[in-house]
Amino acid sequence: MIPVLSRAQMRAFDKHAIHHCHVPGVVLMENAGRGAADVISAIIEARSAGPPGAAGLPGHAAHRAPLPPAPGLSPARALWPATLPSGASPRPGSVPPPPNGRRDAEEARAARIRSFPVRHVPSPGQPATYPLHACVVVVCGAGNNGGDGFVVARHLLARGAEVQVFLAARSEKVTGDSRINHDAYVDLGGALTELPPGASLVPLEAALAGADLVVDAIFGTGLDRPIEGHLADVIGVLNTATCLCIALDVPSGLDADSGAPLGAAVQADETVTFGHLKIGLLTPEGARLAGNVHVVDLGVPDRPILAQVGHVAEVLRKETIGSSLRPREASVYKHQAGNVLVIAGSSGKLGAALLTARAAMRTGAGLVTICTWADTARAMQSRVVELMTTSIDPACLAASLDGALAGRRAVAIGPGFGLDEKARAAVDHVVLGWDGLKVVDADALTHFVGRPEALATARGSLILTPHSGELGRLLGRSARAIEGDRFGAVRDAVAATRAIVVLKGARTIIALPDGRMFICMAGNPALATAGSGDVLTGMIAALLCSMDPPAAASAGVLIHALAGDLWRAQTGSDRGLLASEIAELVPGLIAALAAGGDPLSR
């Protein structure tokens, strides 16, 4: 299990470790900061080494004096003799910034962010060759995140890096465990410059111009208000720097629960988060601001503390899904393999029904029938081979639907089905009245706009598969509002409908009526193609024939996402994938997962 915690749960985790397990807070801060320093050291070493075969970088440049504040501006107060170079020229031997500066390296940056990488860092930390040849700027706040920053600064200083800390407050504002680490860094000879409100930011700008990387330690998970004024200006300076930016715990300004920026927010290249993933890091916007995420432990056993504080979600794991994909008995026949009815398609939207049905076949259903309107069924006759069709008679709608539903294990309903009154009547009859396993998507969801609570009265089991626009319409919100708080929105949808809700998109969420949530970390923008959601609907319907609904929803989402990743690995492209190609990759992925292998290494 890879747990994901909310802001309150992470706070409770720390509190339980301190007060019930008697691990001092300063020890947790030390472990967090040292783990971050290990990750940063490894990043410095990797970047210093350059591409394979490249010559190593030379050593440190000579120290240079800091620039004085600009005339007429309130000076920053230096609390220790400056030991770092400043100025705009890069140092010999420094870690090279990305080509054309950090903010200009859009292609490489975007490619990395779109992959949403998360790495759990084992203990002990990362190996690196010391001394570190890098100039590092650490920007600290006055709270605990700043205390983490002082620990990082001390360890990097001890490992030979040139380190300068900027404190975005007066030193007297730093208290508690953070003060202990502030004083340890300063008393060991670390360079510290205060940047309280009203101080010139020119010294920070000058230091960043000559830095190899900057560490953001201004705000952590505790932030729950918009950042404005002086601190927003400090973040603005960080975001215009051309050096690598590494955030501690979460990028400053990121809401740790919703993943939305609270006013100004740091745009990091890497984020080292402490203890466990935070839910806000796993939204599309949170992932964009965090970049690569590294998880370092706090030096305490997780299991007893998590048993007390809980977790808000889990990351879907290939091993878990693979264990549920059991081999079939040699004697299985098509009805046992799965009998799926696809109620979909209408004039001009034949493709939605065909994609859904073929995806169900490729995911293992033994028998798939498309149930649609008579004119649509006739148009499909020449386009189906393995699939069967049956027609809905509007004149005796209930009877024709009941005949089609007889003997089915699962139903997929909605893709391209239509939004007129006869379609609404058919949807109500099946979704609300049939006592079976149903995947409800697309037009079928739209028929419940303004009345989502009706879904809570449905017989049987429902899996809803909306994208943000469909969920927004269902809940009476905009798609932008849904994306602004995806986890809150999906919880509201479950509460209203009492159904399993799969909120599609980057980092798809599966939310269950018992409160559990699962997050899919796989997938990439190649899946943003017409019909991709129809394929997922058919896949889940097929999996319902052999799994319970939560497992089927989770397996369908992960396999669908892995198909996108496998296609990108094969083609090197993040665009051009056809929805029909997703289904073609599914059998091989199921085989690899069931065997316990890495499906992307094929």
# chains A, B, ... in the order shown; residues from 1 in each chain; ligands from 1
$ select_by_dssp --residues "range 383-542 of chain A" --states "strand (DSSP E)" --output "number ranges by chain"
A: 388-392, 410-413, 437-440, 461-464, 500-503, 509-511, 517-519
$ residues_around --residues "range 506-517 of chain A" --least-positions-apart "3" --cutoff "10 Å" --atoms "only C-alpha atoms" --output "PyMOL selection string"
chain A and resi 4+114-116+282-285+287+311-316+463-465+467+486-487+490-491+493-503+520-525+527-528+549-550+553-554+557-558+561
$ write_last_selection --atoms "C-alpha atoms" --output "PDB file, in the first residue's frame"
ATOM      1  CA  VAL A   4      -1.756   9.388   0.608  1.00  0.00           C
ATOM      2  CA  ARG A 114       3.246  15.193 -18.042  1.00  0.00           C
ATOM      3  CA  SER A 115       4.676  11.893 -16.838  1.00  0.00           C
ATOM      4  CA  PHE A 116       3.890  12.799 -13.189  1.00  0.00           C
ATOM      5  CA  LEU A 282      -1.542  14.228  -6.976  1.00  0.00           C
ATOM      6  CA  THR A 283      -3.841  16.607  -8.826  1.00  0.00           C
ATOM      7  CA  PRO A 284      -2.984  17.840 -12.331  1.00  0.00           C
ATOM      8  CA  GLU A 285      -2.236  21.350 -11.059  1.00  0.00           C
ATOM      9  CA  ALA A 287       1.757  17.830 -10.213  1.00  0.00           C
ATOM     10  CA  HIS A 311      -5.049   8.030   5.181  1.00  0.00           C
ATOM     11  CA  VAL A 312      -7.293   9.690   2.644  1.00  0.00           C
ATOM     12  CA  ALA A 313      -6.341   7.651  -0.419  1.00  0.00           C
ATOM     13  CA  GLU A 314      -4.039   4.979  -1.806  1.00  0.00           C
ATOM     14  CA  VAL A 315      -2.008   4.857  -4.981  1.00  0.00           C
ATOM     15  CA  LEU A 316      -3.026   2.051  -7.323  1.00  0.00           C
ATOM     16  CA  ILE A 463     -19.906   2.703 -11.399  1.00  0.00           C
ATOM     17  CA  LEU A 464     -20.028   6.256 -12.751  1.00  0.00           C
ATOM     18  CA  THR A 465     -17.185   7.313 -15.076  1.00  0.00           C
ATOM     19  CA  HIS A 467     -14.742  13.485 -16.812  1.00  0.00           C
ATOM     20  CA  ARG A 486     -10.972  17.088  -7.722  1.00  0.00           C
ATOM     21  CA  PHE A 487     -10.896  15.158  -4.457  1.00  0.00           C
ATOM     22  CA  VAL A 490     -15.503  13.247  -6.225  1.00  0.00           C
ATOM     23  CA  ARG A 491     -16.349  12.887  -2.530  1.00  0.00           C
ATOM     24  CA  ALA A 493     -20.440  12.941  -6.053  1.00  0.00           C
ATOM     25  CA  VAL A 494     -20.193   9.746  -4.025  1.00  0.00           C
ATOM     26  CA  ALA A 495     -22.209  11.288  -1.201  1.00  0.00           C
ATOM     27  CA  ALA A 496     -24.960  12.341  -3.626  1.00  0.00           C
ATOM     28  CA  THR A 497     -25.144   9.131  -5.659  1.00  0.00           C
ATOM     29  CA  ARG A 498     -23.900   6.395  -3.287  1.00  0.00           C
ATOM     30  CA  ALA A 499     -22.094   4.970  -6.294  1.00  0.00           C
ATOM     31  CA  ILE A 500     -18.480   4.236  -7.127  1.00  0.00           C
ATOM     32  CA  VAL A 501     -17.256   7.332  -8.986  1.00  0.00           C
ATOM     33  CA  VAL A 502     -14.306   7.285 -11.380  1.00  0.00           C
ATOM     34  CA  LEU A 503     -13.240  10.878 -12.052  1.00  0.00           C
ATOM     35  CA  CYS A 520      -3.915   6.184 -10.673  1.00  0.00           C
ATOM     36  CA  MET A 521      -0.422   7.543 -11.233  1.00  0.00           C
ATOM     37  CA  ALA A 522      -0.046   6.011 -14.702  1.00  0.00           C
ATOM     38  CA  GLY A 523      -1.137   7.530 -18.009  1.00  0.00           C
ATOM     39  CA  ASN A 524      -0.061  10.401 -20.218  1.00  0.00           C
ATOM     40  CA  PRO A 525      -1.540  12.971 -22.646  1.00  0.00           C
ATOM     41  CA  LEU A 527      -4.867   9.190 -23.857  1.00  0.00           C
ATOM     42  CA  ALA A 528      -6.552  12.537 -24.516  1.00  0.00           C
ATOM     43  CA  PRO A 549     -16.973  -3.463  -8.485  1.00  0.00           C
ATOM     44  CA  PRO A 550     -14.154  -1.646  -6.625  1.00  0.00           C
ATOM     45  CA  ALA A 553     -12.998  -0.038 -11.529  1.00  0.00           C
ATOM     46  CA  SER A 554      -9.424   0.081 -10.220  1.00  0.00           C
ATOM     47  CA  VAL A 557      -8.412   2.490 -14.816  1.00  0.00           C
ATOM     48  CA  LEU A 558      -4.844   1.250 -14.296  1.00  0.00           C
ATOM     49  CA  ALA A 561      -3.565   4.174 -18.264  1.00  0.00           C
TER      50      ALA A 561
END
$ residues_around --residues "Arg154 in chain A" --least-positions-apart "5" --cutoff "12 Å" --atoms "only C-alpha atoms" --output "PDB file with C-alpha atoms, in the first residue's frame"
ATOM      1  CA  GLU A  30      16.251  16.442  11.287  1.00  0.00           C
ATOM      2  CA  GLY A  33      15.849  17.656   6.255  1.00  0.00           C
ATOM      3  CA  ARG A  34      18.580  15.051   6.042  1.00  0.00           C
ATOM      4  CA  ALA A  36      15.931  16.002   1.501  1.00  0.00           C
ATOM      5  CA  ALA A  37      19.651  16.778   1.578  1.00  0.00           C
ATOM      6  CA  VAL A 136      22.845  26.433  -3.349  1.00  0.00           C
ATOM      7  CA  VAL A 137      20.418  29.113  -2.197  1.00  0.00           C
ATOM      8  CA  VAL A 138      17.867  28.116   0.453  1.00  0.00           C
ATOM      9  CA  GLY A 147      13.249  24.715   9.940  1.00  0.00           C
ATOM     10  CA  ASP A 148      13.455  21.878   7.417  1.00  0.00           C
ATOM     11  CA  GLY A 149      15.276  24.295   5.133  1.00  0.00           C
ATOM     12  CA  ARG A 159      29.025  18.139   2.356  1.00  0.00           C
ATOM     13  CA  GLY A 160      31.022  20.910   0.747  1.00  0.00           C
ATOM     14  CA  ALA A 161      28.376  22.870  -1.145  1.00  0.00           C
ATOM     15  CA  GLU A 162      28.388  26.635  -1.098  1.00  0.00           C
ATOM     16  CA  VAL A 163      25.197  27.508   0.747  1.00  0.00           C
ATOM     17  CA  GLN A 164      23.429  30.758   1.460  1.00  0.00           C
ATOM     18  CA  VAL A 165      20.152  30.992   3.320  1.00  0.00           C
ATOM     19  CA  ILE A 180      17.181  25.142  17.083  1.00  0.00           C
ATOM     20  CA  ASN A 181      18.097  24.380  13.489  1.00  0.00           C
ATOM     21  CA  HIS A 182      18.386  28.082  12.600  1.00  0.00           C
ATOM     22  CA  ASP A 183      20.936  28.545  15.395  1.00  0.00           C
ATOM     23  CA  ALA A 184      22.826  25.338  14.520  1.00  0.00           C
ATOM     24  CA  TYR A 185      23.223  26.459  10.909  1.00  0.00           C
ATOM     25  CA  VAL A 186      24.352  29.966  11.857  1.00  0.00           C
ATOM     26  CA  ASP A 187      26.702  28.863  14.640  1.00  0.00           C
ATOM     27  CA  LEU A 188      28.388  26.438  12.254  1.00  0.00           C
ATOM     28  CA  GLY A 189      29.301  29.367  10.020  1.00  0.00           C
ATOM     29  CA  GLY A 190      26.391  29.288   7.594  1.00  0.00           C
ATOM     30  CA  ALA A 191      25.620  32.433   5.599  1.00  0.00           C
ATOM     31  CA  LEU A 192      22.216  33.919   6.464  1.00  0.00           C
TER      32      LEU A 192
END
$ select_by_dssp --residues "range 443-517 of chain A" --states "alpha helix (DSSP H)" --output "VMD selection string"
chain A and resid 443 to 446 468 to 475 479 to 484 486 to 497
$ write_last_selection --atoms "C-alpha atoms" --output "PDB file, in the first residue's frame"
ATOM      1  CA  ASP A 443     -24.954  10.585 -22.228  1.00  0.00           C
ATOM      2  CA  ALA A 444     -26.343   8.319 -19.500  1.00  0.00           C
ATOM      3  CA  LEU A 445     -24.715  10.571 -16.891  1.00  0.00           C
ATOM      4  CA  THR A 446     -26.039  13.703 -18.563  1.00  0.00           C
ATOM      5  CA  SER A 468     -14.633  16.870 -15.087  1.00  0.00           C
ATOM      6  CA  GLY A 469     -17.175  18.428 -17.448  1.00  0.00           C
ATOM      7  CA  GLU A 470     -19.701  15.647 -16.928  1.00  0.00           C
ATOM      8  CA  LEU A 471     -19.200  15.649 -13.161  1.00  0.00           C
ATOM      9  CA  GLY A 472     -19.525  19.430 -13.127  1.00  0.00           C
ATOM     10  CA  ARG A 473     -22.882  19.223 -14.906  1.00  0.00           C
ATOM     11  CA  LEU A 474     -24.029  16.488 -12.533  1.00  0.00           C
ATOM     12  CA  LEU A 475     -23.125  18.562  -9.458  1.00  0.00           C
ATOM     13  CA  ALA A 479     -15.483  21.945 -15.052  1.00  0.00           C
ATOM     14  CA  ARG A 480     -12.936  24.427 -13.758  1.00  0.00           C
ATOM     15  CA  ALA A 481     -14.404  24.194 -10.259  1.00  0.00           C
ATOM     16  CA  ILE A 482     -14.153  20.410 -10.411  1.00  0.00           C
ATOM     17  CA  GLU A 483     -10.508  20.589 -11.485  1.00  0.00           C
ATOM     18  CA  GLY A 484      -9.843  23.112  -8.713  1.00  0.00           C
ATOM     19  CA  ARG A 486     -10.972  17.088  -7.722  1.00  0.00           C
ATOM     20  CA  PHE A 487     -10.896  15.158  -4.457  1.00  0.00           C
ATOM     21  CA  GLY A 488     -13.578  17.278  -2.851  1.00  0.00           C
ATOM     22  CA  ALA A 489     -15.756  17.014  -5.965  1.00  0.00           C
ATOM     23  CA  VAL A 490     -15.503  13.247  -6.225  1.00  0.00           C
ATOM     24  CA  ARG A 491     -16.349  12.887  -2.530  1.00  0.00           C
ATOM     25  CA  ASP A 492     -19.430  15.070  -3.068  1.00  0.00           C
ATOM     26  CA  ALA A 493     -20.440  12.941  -6.053  1.00  0.00           C
ATOM     27  CA  VAL A 494     -20.193   9.746  -4.025  1.00  0.00           C
ATOM     28  CA  ALA A 495     -22.209  11.288  -1.201  1.00  0.00           C
ATOM     29  CA  ALA A 496     -24.960  12.341  -3.626  1.00  0.00           C
ATOM     30  CA  THR A 497     -25.144   9.131  -5.659  1.00  0.00           C
TER      31      THR A 497
END
$ closest_residue --among "A:Gly364, A:Pro261, A:Gly141, A:Pro251" --to "Pro196 in chain A" --atoms "only C-alpha atoms"
A:Gly141
$ closest_residue --among "A:Leu223, A:Thr175, A:Gly299, A:Ala207" --to "Asn31 in chain A" --atoms "only C-alpha atoms"
A:Gly299
$ closest_residue --among "A:Leu289, A:Ala256, A:Met1, A:Val237" --to "Asp302 in chain A" --atoms "only C-alpha atoms"
A:Met1
$ closest_atom_pairs --of "range 292-323 of chain A" --to "range 576-591 of chain A" --cutoff "12 Å" --atoms "only C-alpha atoms" --output "CSV"
residue,atom,partner,partner_atom,distance
A:Lys318,CA,A:Ile590,CA,10.4
A:Glu319,CA,A:Ile590,CA,11.7
A:Ile321,CA,A:Ile590,CA,9.3
A:Gly322,CA,A:Ile590,CA,7.6
A:Ser323,CA,A:Ile590,CA,10.7
$ closest_residue --among "A:Val368, A:Ala551, A:Leu350, A:Cys545" --to "Lys438 in chain A" --atoms "only C-alpha atoms"
A:Cys545
$ closest_residue --among "A:Ala199, A:Ala17, A:Leu281, A:Leu156" --to "Pro304 in chain A" --atoms "only C-alpha atoms"
A:Ala17
$ atom_distance --atom1 "CA of Gly505 in chain A" --atom2 "CA of Ile559 in chain A"
14.4 Å
